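Next comes coords31.tsv, a file with TSV, C-alpha atoms.
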```tsv
chain	number	residue	atom	x	y	z
A	183	MET	CA	-6.75	38.65	-28.71
A	184	GLU	CA	-7.98	42.23	-28.34
A	185	TRP	CA	-6.97	43.04	-31.89
A	186	MET	CA	-10.02	42.77	-34.18
A	187	VAL	CA	-11.96	41.13	-31.32
A	188	TRP	CA	-10.46	37.68	-31.84
A	189	THR	CA	-12.01	35.05	-29.61
A	190	LEU	CA	-10.61	31.84	-28.21
A	191	PRO	CA	-12.91	29.52	-30.26
A	192	THR	CA	-11.93	31.13	-33.57
A	193	ALA	CA	-8.27	31.11	-32.57
A	194	LEU	CA	-8.52	27.40	-31.74
A	195	PHE	CA	-10.38	26.72	-34.99
A	196	PHE	CA	-7.72	28.36	-37.15
A	197	GLY	CA	-4.99	26.83	-35.02
A	198	VAL	CA	-6.35	23.36	-35.78
A	199	ILE	CA	-6.70	24.11	-39.52
A	200	ALA	CA	-3.15	25.52	-39.69
A	201	THR	CA	-1.76	22.54	-37.77
A	202	GLY	CA	-3.64	20.22	-40.12
A	203	LEU	CA	-2.20	21.90	-43.22
A	204	LEU	CA	1.30	21.93	-41.75
A	205	GLY	CA	0.97	18.28	-40.74
A	206	MET	CA	-0.21	17.33	-44.24
A	207	THR	CA	2.76	19.18	-45.76
A	208	ILE	CA	5.26	17.40	-43.51
A	209	TRP	CA	3.59	14.04	-44.17
A	210	GLU	CA	3.79	14.71	-47.91
A	211	VAL	CA	7.52	15.54	-47.69
A	212	VAL	CA	8.26	12.48	-45.55
A	213	SER	CA	6.21	10.05	-47.64
A	214	PRO	CA	4.62	11.40	-50.85
A	215	THR	CA	1.01	10.45	-51.48
A	216	ILE	CA	-0.11	7.84	-54.01
A	217	GLU	CA	-3.39	8.45	-55.82
A	218	ARG	CA	-5.82	5.61	-55.15
A	219	LYS	CA	-9.48	4.68	-55.33
A	220	GLY	CA	-11.44	4.03	-52.16
A	221	PHE	CA	-15.17	4.18	-51.47
A	222	LEU	CA	-15.40	7.65	-52.99
A	223	PRO	CA	-16.51	7.64	-56.66
A	224	ILE	CA	-13.20	9.22	-57.73
A	225	SER	CA	-9.58	8.31	-57.17
A	226	THR	CA	-8.07	10.75	-54.71
A	227	THR	CA	-4.77	11.80	-53.20
A	228	ARG	CA	-4.34	12.33	-49.49
A	229	GLY	CA	-4.77	16.09	-49.92
A	230	ASP	CA	-8.02	15.61	-51.90
A	231	ARG	CA	-9.43	13.50	-49.08
A	232	PHE	CA	-8.36	16.08	-46.50
A	233	PHE	CA	-10.11	18.83	-48.45
A	234	ILE	CA	-13.26	16.74	-49.01
A	235	GLY	CA	-13.24	15.88	-45.31
A	236	LEU	CA	-13.01	19.52	-44.21
A	237	LEU	CA	-15.73	20.61	-46.64
A	238	THR	CA	-18.16	17.83	-45.71
A	239	SER	CA	-17.46	18.46	-42.00
A	240	ALA	CA	-18.43	22.10	-42.53
A	241	TYR	CA	-21.71	20.93	-44.07
A	242	ILE	CA	-22.32	18.45	-41.23
A	243	HIS	CA	-21.97	21.34	-38.79
A	244	LEU	CA	-24.26	23.60	-40.83
A	245	VAL	CA	-26.99	20.96	-41.05
A	246	VAL	CA	-26.80	20.19	-37.32
A	247	VAL	CA	-26.83	23.85	-36.32
A	248	GLY	CA	-29.49	24.93	-38.77
A	249	PHE	CA	-32.00	22.13	-38.86
A	250	THR	CA	-31.68	20.06	-35.67
A	251	ASP	CA	-31.44	20.59	-31.93
A	252	ILE	CA	-28.53	18.19	-31.53
A	253	SER	CA	-25.46	19.53	-29.71
A	254	LEU	CA	-22.66	20.91	-31.87
A	255	TRP	CA	-20.18	18.77	-29.94
A	256	LEU	CA	-21.85	15.69	-31.42
A	257	ALA	CA	-21.42	17.22	-34.90
A	258	LEU	CA	-17.75	17.75	-34.10
A	259	GLY	CA	-17.39	14.15	-32.94
A	260	VAL	CA	-19.15	12.80	-36.03
A	261	SER	CA	-16.93	14.99	-38.22
A	262	ILE	CA	-13.75	13.69	-36.61
A	263	VAL	CA	-14.84	10.07	-37.05
A	264	TRP	CA	-15.93	10.81	-40.64
A	265	MET	CA	-12.57	12.49	-41.33
A	266	ALA	CA	-10.70	9.44	-40.03
A	267	ILE	CA	-12.83	7.05	-42.15
A	268	LEU	CA	-12.35	9.25	-45.20
A	269	MET	CA	-8.58	9.53	-44.79
A	270	ARG	CA	-8.20	5.78	-44.32
A	271	TRP	CA	-10.74	4.23	-46.71
A	272	GLY	CA	-11.91	7.16	-48.89
B	104	MET	CA	24.52	20.45	-69.10
B	105	ASP	CA	23.77	19.96	-65.48
B	106	LYS	CA	20.63	21.50	-64.20
B	107	ARG	CA	20.70	22.97	-60.73
B	108	GLU	CA	17.65	23.43	-58.64
B	109	TYR	CA	17.56	26.70	-56.85
B	110	GLN	CA	15.88	26.27	-53.51
B	111	TRP	CA	15.93	30.05	-53.22
B	112	ALA	CA	13.29	30.27	-55.92
B	113	TRP	CA	10.70	29.48	-53.28
B	114	LEU	CA	11.54	32.72	-51.52
B	115	MET	CA	10.45	34.61	-54.61
B	116	VAL	CA	6.88	33.43	-53.94
B	117	LEU	CA	6.85	35.10	-50.51
B	118	PRO	CA	5.57	38.53	-51.65
B	119	VAL	CA	2.55	36.86	-53.27
B	120	LEU	CA	1.90	34.86	-50.11
B	121	VAL	CA	1.98	38.01	-48.02
B	122	LEU	CA	-0.33	39.76	-50.49
B	123	VAL	CA	-2.80	36.87	-50.54
B	124	ALA	CA	-2.69	36.67	-46.76
B	125	PHE	CA	-3.74	40.30	-46.45
B	126	SER	CA	-6.20	40.36	-49.35
B	127	ALA	CA	-7.93	37.01	-48.81
B	128	VAL	CA	-6.90	34.87	-45.87
B	129	ILE	CA	-7.06	37.41	-43.06
B	130	PRO	CA	-10.36	38.97	-44.23
B	131	LEU	CA	-11.87	35.49	-44.45
B	132	MET	CA	-10.64	34.71	-40.93
B	133	THR	CA	-12.20	37.96	-39.74
B	134	VAL	CA	-15.53	36.94	-41.25
B	135	VAL	CA	-15.39	33.62	-39.42
B	136	ASN	CA	-14.60	35.50	-36.24
B	137	TYR	CA	-17.46	37.98	-36.68
B	138	SER	CA	-19.94	35.23	-37.45
B	139	LEU	CA	-19.75	34.04	-33.85
B	140	GLN	CA	-20.23	37.42	-32.20
B	141	ASP	CA	-22.83	40.08	-31.70
B	142	ILE	CA	-21.14	43.34	-32.57
B	143	LEU	CA	-22.62	46.56	-31.29
B	144	GLY	CA	-20.45	49.56	-31.96
B	145	ARG	CA	-17.19	48.92	-30.14
B	146	SER	CA	-18.38	46.06	-27.97
B	147	ALA	CA	-18.74	42.45	-29.02
B	148	PHE	CA	-20.40	39.50	-27.33
B	149	PHE	CA	-19.71	35.89	-28.10
B	150	VAL	CA	-22.94	34.20	-29.21
B	151	GLY	CA	-21.73	30.85	-30.55
B	152	ALA	CA	-23.61	29.39	-33.50
B	153	GLU	CA	-26.74	31.50	-33.00
B	154	TRP	CA	-26.32	33.51	-36.22
B	155	PHE	CA	-25.87	30.37	-38.28
B	156	GLU	CA	-29.07	28.95	-36.86
B	157	GLU	CA	-30.89	32.18	-37.58
B	158	THR	CA	-29.66	32.73	-41.16
B	159	LEU	CA	-30.09	29.07	-42.19
B	160	ASN	CA	-33.73	29.21	-41.09
B	161	ASN	CA	-34.42	32.63	-42.57
B	162	SER	CA	-37.09	32.08	-45.24
B	163	ARG	CA	-36.09	35.26	-47.11
B	164	LEU	CA	-32.54	33.99	-47.51
B	165	GLN	CA	-33.70	30.50	-48.44
B	166	ALA	CA	-35.88	31.98	-51.18
B	167	ALA	CA	-32.94	34.09	-52.41
B	168	LEU	CA	-30.78	30.96	-52.52
B	169	MET	CA	-33.35	29.10	-54.61
B	170	ARG	CA	-33.62	32.05	-56.99
B	171	GLN	CA	-29.85	32.16	-57.20
B	172	PHE	CA	-29.59	28.50	-58.19
B	173	ALA	CA	-32.42	28.88	-60.72
B	174	PHE	CA	-30.65	31.88	-62.23
B	175	SER	CA	-27.18	30.32	-62.38
B	176	PHE	CA	-28.35	27.06	-63.92
B	177	THR	CA	-30.58	28.83	-66.44
B	178	ILE	CA	-27.80	31.05	-67.72
B	179	LEU	CA	-25.33	28.12	-67.80
B	180	ALA	CA	-27.80	26.00	-69.79
B	181	ILE	CA	-28.12	28.78	-72.36
B	182	GLN	CA	-24.67	30.37	-72.42
B	183	ILE	CA	-22.53	27.24	-72.76
B	184	PRO	CA	-24.27	25.76	-75.86
B	185	LEU	CA	-24.71	29.23	-77.33
B	186	GLY	CA	-21.04	30.06	-76.76
B	187	ILE	CA	-19.92	26.82	-78.43
B	188	GLY	CA	-22.27	27.54	-81.35
B	189	ILE	CA	-20.93	31.05	-81.83
B	190	ALA	CA	-17.34	29.82	-81.63
B	191	LEU	CA	-18.05	27.22	-84.34
B	192	LEU	CA	-19.53	29.87	-86.62
B	193	MET	CA	-16.75	32.42	-86.16
B	194	PRO	CA	-14.44	32.89	-89.17
B	195	LYS	CA	-11.13	31.10	-88.73
B	196	ARG	CA	-8.67	33.51	-90.36
B	197	GLY	CA	-8.25	36.75	-92.25
B	198	TRP	CA	-9.54	40.21	-91.39
B	199	GLN	CA	-13.02	38.81	-90.77
B	200	ALA	CA	-11.67	36.81	-87.82
B	201	SER	CA	-10.17	39.92	-86.21
B	202	ALA	CA	-13.29	41.98	-86.85
B	203	VAL	CA	-15.60	39.35	-85.33
B	204	LEU	CA	-13.28	38.91	-82.36
B	205	ILE	CA	-13.34	42.63	-81.60
B	206	LEU	CA	-17.11	42.88	-82.05
B	207	ILE	CA	-17.74	39.89	-79.84
B	208	THR	CA	-15.45	41.14	-77.06
B	209	MET	CA	-17.26	44.47	-76.77
B	210	PRO	CA	-19.88	43.48	-74.15
B	211	LEU	CA	-17.13	42.08	-71.92
B	212	LEU	CA	-15.52	45.50	-71.70
B	213	VAL	CA	-18.61	47.19	-70.28
B	214	PRO	CA	-18.59	47.53	-66.48
B	215	TRP	CA	-21.37	45.79	-64.54
B	216	ASN	CA	-23.05	48.98	-63.38
B	217	VAL	CA	-23.08	50.38	-66.88
B	218	VAL	CA	-24.60	47.17	-68.26
B	219	GLY	CA	-27.35	47.53	-65.68
B	220	SER	CA	-28.10	51.16	-66.60
B	221	MET	CA	-27.89	50.43	-70.33
B	222	TRP	CA	-30.51	47.71	-70.03
B	223	GLN	CA	-32.55	49.78	-67.65
B	224	ILE	CA	-32.89	52.49	-70.30
B	225	PHE	CA	-33.14	49.95	-73.13
B	226	THR	CA	-36.14	48.24	-71.54
B	227	ARG	CA	-38.06	51.33	-70.40
B	228	GLY	CA	-41.55	51.45	-71.79
B	229	ASP	CA	-41.51	55.17	-72.65
B	230	ILE	CA	-38.07	55.88	-74.14
B	231	GLY	CA	-36.31	52.49	-74.30
B	232	LEU	CA	-35.90	50.88	-77.71
B	233	ALA	CA	-36.77	47.32	-76.62
B	234	GLY	CA	-39.42	48.37	-74.14
B	235	PHE	CA	-41.15	50.67	-76.60
B	236	ILE	CA	-41.14	48.15	-79.46
B	237	ILE	CA	-42.44	45.28	-77.32
B	238	ARG	CA	-45.24	47.50	-76.06
B	239	GLU	CA	-46.08	48.62	-79.58
B	240	LEU	CA	-46.32	44.94	-80.55
B	241	GLY	CA	-49.11	44.60	-78.04
B	242	TYR	CA	-47.44	42.99	-75.01
B	243	ASP	CA	-47.67	44.99	-71.80
B	244	TYR	CA	-43.98	44.71	-70.99
B	245	ASN	CA	-42.97	46.17	-67.63
B	246	ILE	CA	-39.96	45.02	-65.61
B	247	THR	CA	-40.89	47.08	-62.57
B	248	ALA	CA	-44.30	45.43	-62.18
B	249	ASN	CA	-44.10	41.99	-63.79
B	250	ALA	CA	-41.77	39.44	-62.19
B	251	VAL	CA	-41.59	37.26	-65.31
B	252	ASP	CA	-40.57	40.23	-67.46
B	253	ALA	CA	-37.91	41.17	-64.92
B	254	TRP	CA	-36.53	37.62	-64.83
B	255	VAL	CA	-36.43	37.19	-68.60
B	256	THR	CA	-34.78	40.59	-68.99
B	257	ILE	CA	-32.07	39.82	-66.41
B	258	ILE	CA	-31.34	36.48	-68.06
B	259	ILE	CA	-31.12	38.03	-71.53
B	260	MET	CA	-28.91	40.79	-70.13
B	261	ASP	CA	-26.56	38.24	-68.59
B	262	ILE	CA	-26.49	36.24	-71.82
B	263	TRP	CA	-25.65	39.39	-73.76
B	264	HIS	CA	-22.92	40.33	-71.30
B	265	TRP	CA	-21.21	36.98	-70.73
B	266	THR	CA	-21.81	34.60	-73.66
B	267	PRO	CA	-18.87	36.29	-75.46
B	268	LEU	CA	-16.56	35.00	-72.72
B	269	VAL	CA	-17.69	31.41	-73.36
B	270	ALA	CA	-17.45	31.97	-77.11
B	271	LEU	CA	-13.91	33.38	-76.84
B	272	LEU	CA	-12.73	30.49	-74.65
B	273	CYS	CA	-14.26	27.94	-77.04
B	274	TYR	CA	-12.84	29.77	-80.05
B	275	SER	CA	-9.31	29.56	-78.64
B	276	GLY	CA	-9.92	25.88	-77.82
B	277	LEU	CA	-11.11	25.17	-81.37
B	278	ARG	CA	-8.13	26.97	-82.89
B	279	SER	CA	-5.71	24.75	-80.98
B	280	ILE	CA	-6.98	21.50	-82.59
B	281	PRO	CA	-4.38	20.29	-85.14
B	282	GLU	CA	-5.53	20.31	-88.77
B	283	ALA	CA	-4.62	16.60	-89.08
B	284	TYR	CA	-7.73	15.59	-87.12
B	285	PHE	CA	-9.98	17.31	-89.63
B	286	GLN	CA	-8.09	15.80	-92.56
B	287	ALA	CA	-8.60	12.34	-91.04
B	288	ALA	CA	-12.28	13.11	-90.53
B	289	ARG	CA	-12.61	14.19	-94.19
B	290	ILE	CA	-10.94	10.98	-95.37
B	291	ASP	CA	-13.45	8.99	-93.29
B	292	ARG	CA	-16.25	11.11	-94.75
B	293	ALA	CA	-17.31	12.02	-91.23
B	294	SER	CA	-20.40	14.20	-91.06
B	295	LYS	CA	-20.25	17.69	-89.58
B	296	TRP	CA	-22.02	16.43	-86.48
B	297	ALA	CA	-19.62	13.48	-86.08
B	298	THR	CA	-16.65	15.83	-86.43
B	299	PHE	CA	-18.12	18.05	-83.76
B	300	ARG	CA	-19.10	15.21	-81.46
B	301	TYR	CA	-15.91	13.15	-81.64
B	302	ILE	CA	-13.20	15.72	-82.40
B	303	GLN	CA	-14.17	19.25	-81.47
B	304	LEU	CA	-16.24	18.67	-78.33
B	305	PRO	CA	-13.72	16.34	-76.61
B	306	LYS	CA	-10.92	18.78	-77.41
B	307	LEU	CA	-12.97	21.57	-75.86
B	308	THR	CA	-13.35	19.85	-72.47
B	309	ASN	CA	-10.57	21.83	-70.82
B	310	VAL	CA	-11.79	25.25	-71.87
B	311	LEU	CA	-15.36	24.24	-71.06
B	312	VAL	CA	-14.32	23.40	-67.50
B	313	ILE	CA	-12.95	26.91	-67.17
B	314	ALA	CA	-16.00	28.44	-68.86
B	315	VAL	CA	-18.49	26.58	-66.67
B	316	LEU	CA	-16.59	27.34	-63.48
B	317	LEU	CA	-16.10	31.03	-64.29
B	318	ARG	CA	-19.70	31.49	-65.38
B	319	PHE	CA	-21.05	29.64	-62.36
B	320	MET	CA	-19.01	31.61	-59.86
B	321	HIS	CA	-19.66	34.91	-61.62
B	322	SER	CA	-23.39	34.38	-61.90
B	323	PHE	CA	-23.66	33.07	-58.37
B	324	MET	CA	-22.16	36.33	-57.12
B	325	ILE	CA	-24.11	38.60	-59.48
B	326	TYR	CA	-24.87	41.91	-57.82
B	327	ALA	CA	-24.59	45.18	-59.72
B	328	GLU	CA	-26.54	44.28	-62.85
B	329	PRO	CA	-29.88	43.24	-61.30
B	330	PHE	CA	-29.40	45.84	-58.57
B	331	VAL	CA	-29.27	48.63	-61.14
B	332	LEU	CA	-31.82	47.10	-63.54
B	333	THR	CA	-34.60	46.05	-61.17
B	334	GLY	CA	-33.32	46.85	-57.68
B	335	GLY	CA	-34.22	43.27	-56.78
B	336	GLY	CA	-37.87	43.80	-57.59
B	337	PRO	CA	-40.71	43.67	-58.30
B	338	GLY	CA	-41.15	42.72	-54.65
B	339	SER	CA	-38.18	40.50	-54.06
B	340	SER	CA	-38.56	38.40	-57.20
B	341	THR	CA	-35.07	39.19	-58.53
B	342	THR	CA	-33.25	39.67	-55.22
B	343	PHE	CA	-30.28	37.35	-55.44
B	344	LEU	CA	-27.95	36.22	-52.67
B	345	SER	CA	-25.34	38.96	-52.81
B	346	GLN	CA	-27.99	41.65	-52.74
B	347	SER	CA	-29.61	40.11	-49.67
B	348	LEU	CA	-26.17	39.98	-48.11
B	349	ALA	CA	-25.39	43.60	-48.94
B	350	THR	CA	-28.70	44.75	-47.48
B	351	MET	CA	-27.97	42.85	-44.29
B	352	ALA	CA	-24.36	43.92	-43.90
B	353	ILE	CA	-24.45	47.52	-45.10
B	354	ALA	CA	-28.01	48.79	-44.80
B	355	GLN	CA	-28.86	47.05	-41.54
B	356	GLN	CA	-25.33	46.77	-40.13
B	357	ASP	CA	-26.03	43.24	-38.89
B	358	LEU	CA	-22.39	42.17	-38.99
B	359	GLY	CA	-22.77	38.88	-37.14
B	360	PRO	CA	-25.65	37.39	-39.16
B	361	SER	CA	-24.23	38.62	-42.45
B	362	ALA	CA	-20.85	37.07	-41.61
B	363	ALA	CA	-22.55	33.76	-40.83
B	364	PHE	CA	-24.49	34.04	-44.06
B	365	SER	CA	-21.30	34.87	-46.02
B	366	ILE	CA	-19.66	31.69	-44.77
B	367	THR	CA	-22.63	29.58	-45.86
B	368	TYR	CA	-22.57	31.36	-49.24
B	369	PHE	CA	-18.82	30.72	-49.57
B	370	LEU	CA	-19.22	27.04	-48.69
B	371	ILE	CA	-21.94	26.61	-51.33
B	372	ILE	CA	-19.76	28.17	-54.05
B	373	LEU	CA	-16.79	26.10	-52.94
B	374	ALA	CA	-18.72	22.82	-52.95
B	375	VAL	CA	-20.48	23.36	-56.27
B	376	SER	CA	-17.27	24.49	-57.99
B	377	TYR	CA	-15.36	21.53	-56.59
B	378	VAL	CA	-18.01	19.05	-57.73
B	379	PHE	CA	-18.06	20.59	-61.23
B	380	TYR	CA	-14.28	20.52	-61.45
B	381	VAL	CA	-13.88	16.95	-60.21
B	382	THR	CA	-16.70	15.60	-62.41
B	383	ILE	CA	-15.41	17.13	-65.61
B	384	MET	CA	-11.77	16.30	-64.90
B	385	ASN	CA	-12.75	12.73	-64.08
B	386	MET	CA	-14.79	12.28	-67.24
B	387	GLN	CA	-11.70	13.23	-69.17
B	388	LYS	CA	-9.44	10.90	-67.21
B	389	GLU	CA	-11.78	7.95	-67.74
B	390	LYS	CA	-11.94	8.65	-71.45
B	391	ALA	CA	-8.14	8.77	-71.65
B	392	ALA	CA	-7.97	5.45	-69.78
B	393	GLN	CA	-10.48	3.87	-72.17
B	394	GLN	CA	-8.59	5.10	-75.21
B	395	GLY	CA	-5.36	3.80	-73.69
B	396	ALA	CA	-6.95	0.38	-73.16
B	397	GLY	CA	-8.45	0.43	-76.66
B	398	GLY	CA	-5.07	1.24	-78.19
B	399	ALA	CA	-3.38	-1.63	-76.38
B	400	GLU	CA	-5.74	-4.27	-77.77
```

Could you take the file, read its structure, and then write that structure out as structure tokens?
Amino acid sequence: MEWMVWTLPTALFFGVIATGLLGMTIWEVVSPTIERKGFLPISTTRGDRFFIGLLTSAYIHLVVVGFTDISLWLALGVSIVWMAILMRWG
Amino acid sequence: MDKREYQWAWLMVLPVLVLVAFSAVIPLMTVVNYSLQDILGRSAFFVGAEWFEETLNNSRLQAALMRQFAFSFTILAIQIPLGIGIALLMPKRGWQASAVLILITMPLLVPWNVVGSMWQIFTRGDIGLAGFIIRELGYDYNITANAVDAWVTIIIMDIWHWTPLVALLCYSGLRSIPEAYFQAARIDRASKWATFRYIQLPKLTNVLVIAVLLRFMHSFMIYAEPFVLTGGGPGSSTTFLSQSLATMAIAQQDLGPSAAFSITYFLIILAVSYVFYVTIMNMQKEKAAQQGAGGAE
């Protein structure tokens, strides 16, 4: 952790992202994705939805941190729920 | 002949992965890490999301972002149609084709800094060709004092520098359309416009995706040209995002805020590029589906 002043939050953050990517890869090998159309305006694969989820979550966090006084933990919670909705019905 | 799949082939990709890890992934991770800390010399304090809050509410950066969007969309709106137009006019074969290709590629070979200095001299009121002529014609042209002049000059400079890229991409796209399409169009007595609208433009979609994406990303990160030409002035009227970032990170050594700002910048580029890509790819897919349905009737 001393190297390049890594901190626990960033380590956790990248740990979660890496686990997510690894999990998606394993899932894809075990049962390959089928492109389908959900509530999003485009038909997506599982990986597309994962990417869209991560990107929109980043924006949710930015909006909460920049323009409101709401706790970041709430943003995290909302993002996780949003991610689940997106993966299932997106 | 039986075809064997070599699982070992994947190992051949490893050097690239290592290279990308060191040239892109690890630096990006470092930026994320810095964005949460206050770094003073050799000591660092964890500050959480403070820098994000500060940079997102910084009116100077917000103004730079607006200018950046205005700039990128202006040059896209001009360069894409202009590039298609030039590509349509370019000779198709013979020595003329080669000559035009070489001529048109020239601006692309000039380094950013040099483009900036060239236009800086070109637009000077006392010795510059353009500057002198415009002044002689009676307009008090001055890019160091008039914001509109500076803006127009930067946009024209970017058009001069990068339209050739769009034209080249479109030219290669046009050349790959089989002659049979044009023969069919001639038999149907299709007008020039109809040929363009229903044959050439649809066939150009793929190269246009690349052109729009490249031009958007390039222009969104523009740095050296306006920096050399106007230095971001007059005032801050042509200070774009990357110049604000460079001032923050290098001149002021504010590593934390500039890292937070970089991440926001990166997310904007990522989102806009993704939306562009998905929209254009989807338009194409829908069209293919329609044609498929039409053919089945």

Exercise. So, counting all atoms listed in the file, which residue among A:Val246, A:Gly220, A:Thr227, A:Thr215 is closest to chain B?
Worked result: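 Of A:Val246, A:Gly220, A:Thr227, A:Thr215, the one nearest chain B is A:Val246, counting all atoms listed in the file.
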
Seminar exercise, completed: note - CA of Arg270 in chain A and CA of Leu237 in chain A are separated by 16.8 Å

Problem set entry | Atom-to-atom span, CA of Ala248 in chain B and CA of His264 in chain B, Å | 23.8 Å

Taking only C-alpha atoms into account, produce a table as JSON lines in which each residue of chain A with an atom at most 7 Å from an atom of chain B appears once, together with its shortest atom pair and the distance in Å to one decimal, ordered by chain and rising number.
```
{"residue": "A:Trp188", "atom": "CA", "partner": "B:Asn136", "partner_atom": "CA", "distance": 6.4}
{"residue": "A:Thr192", "atom": "CA", "partner": "B:Asn136", "partner_atom": "CA", "distance": 5.8}
{"residue": "A:Val247", "atom": "CA", "partner": "B:Glu156", "partner_atom": "CA", "distance": 5.6}
{"residue": "A:Gly248", "atom": "CA", "partner": "B:Glu156", "partner_atom": "CA", "distance": 4.5}
```

Problem set entry | Shell of 8 Å around range 314-319 of chain B, only C-alpha atoms, local chain residues under 4 positions omitted, as a ChimeraX atom specification | /B:175-176,179,183,265,268-269,272,310,323,376,379-380

For this session: Might you pull out every residue within 12 Å of Ile207 in chain B, with all atoms listed in the file counted and same-chain residues fewer than 4 positions away left off, and present them as a list in words?
Result: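 The residues that qualify are Gly186, Ile189, Ala190, Met193, Gln199, Ala200, Ser201, Ala202, Val203, Leu211, Leu212, Trp263, His264, Trp265, Thr266, Pro267, Leu268, Val269, Ala270, Leu271, Leu272 and Tyr274 of chain B.
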
Problem set entry | Residues within 7 Å of (-40.2, 40.0, -62.9), file coords, all atoms listed in the file, listed as a PyMOL selection string | chain B and resi 246+248-254+336-337+340-341

Exercise. If you count all atoms listed in the file, which residues fall within 8 Å of Glu217 in chain A, apart from same-chain ones fewer than 6 positions away, as a VMD selection string?
Worked result: chain A and resid 225 to 228

Exercise. B:Arg170, B:Leu114, B:Arg289, B:Val121: which is nearest Leu344 in chain B, counting all atoms listed in the file?
Worked result: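 Once distances to Leu344 in chain B are computed over all atoms listed in the file, the minimum belongs to B:Arg170.
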
Problem set entry | Residue neighbourhood Arg238 in chain B, 7 Å, all atoms listed in the file, exclusion window fewer than 5 positions, as a ChimeraX atom specification | /B:228,243-244

For this session: Pick out the closest residue to Gly202 in chain A from this set: A:Phe249, A:Trp255, A:Trp271, A:Phe232. Count only C-alpha atoms.
Result: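 Smallest distance to Gly202 in chain A is found for A:Phe232.
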
Problem set entry | Closest of B:Gln346, B:Ser275, B:Asn216, B:Thr308 to Ala167 in chain B - atom-to-atom distances counting only C-alpha atoms |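 Closest to Ala167 in chain B of all the choices is B:Gln346.
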
Exercise. In Å, with one decimal, what is the gap from CA of Gly197 in chain B to CA of Arg278 in chain B?
Worked result: 13.5 Å
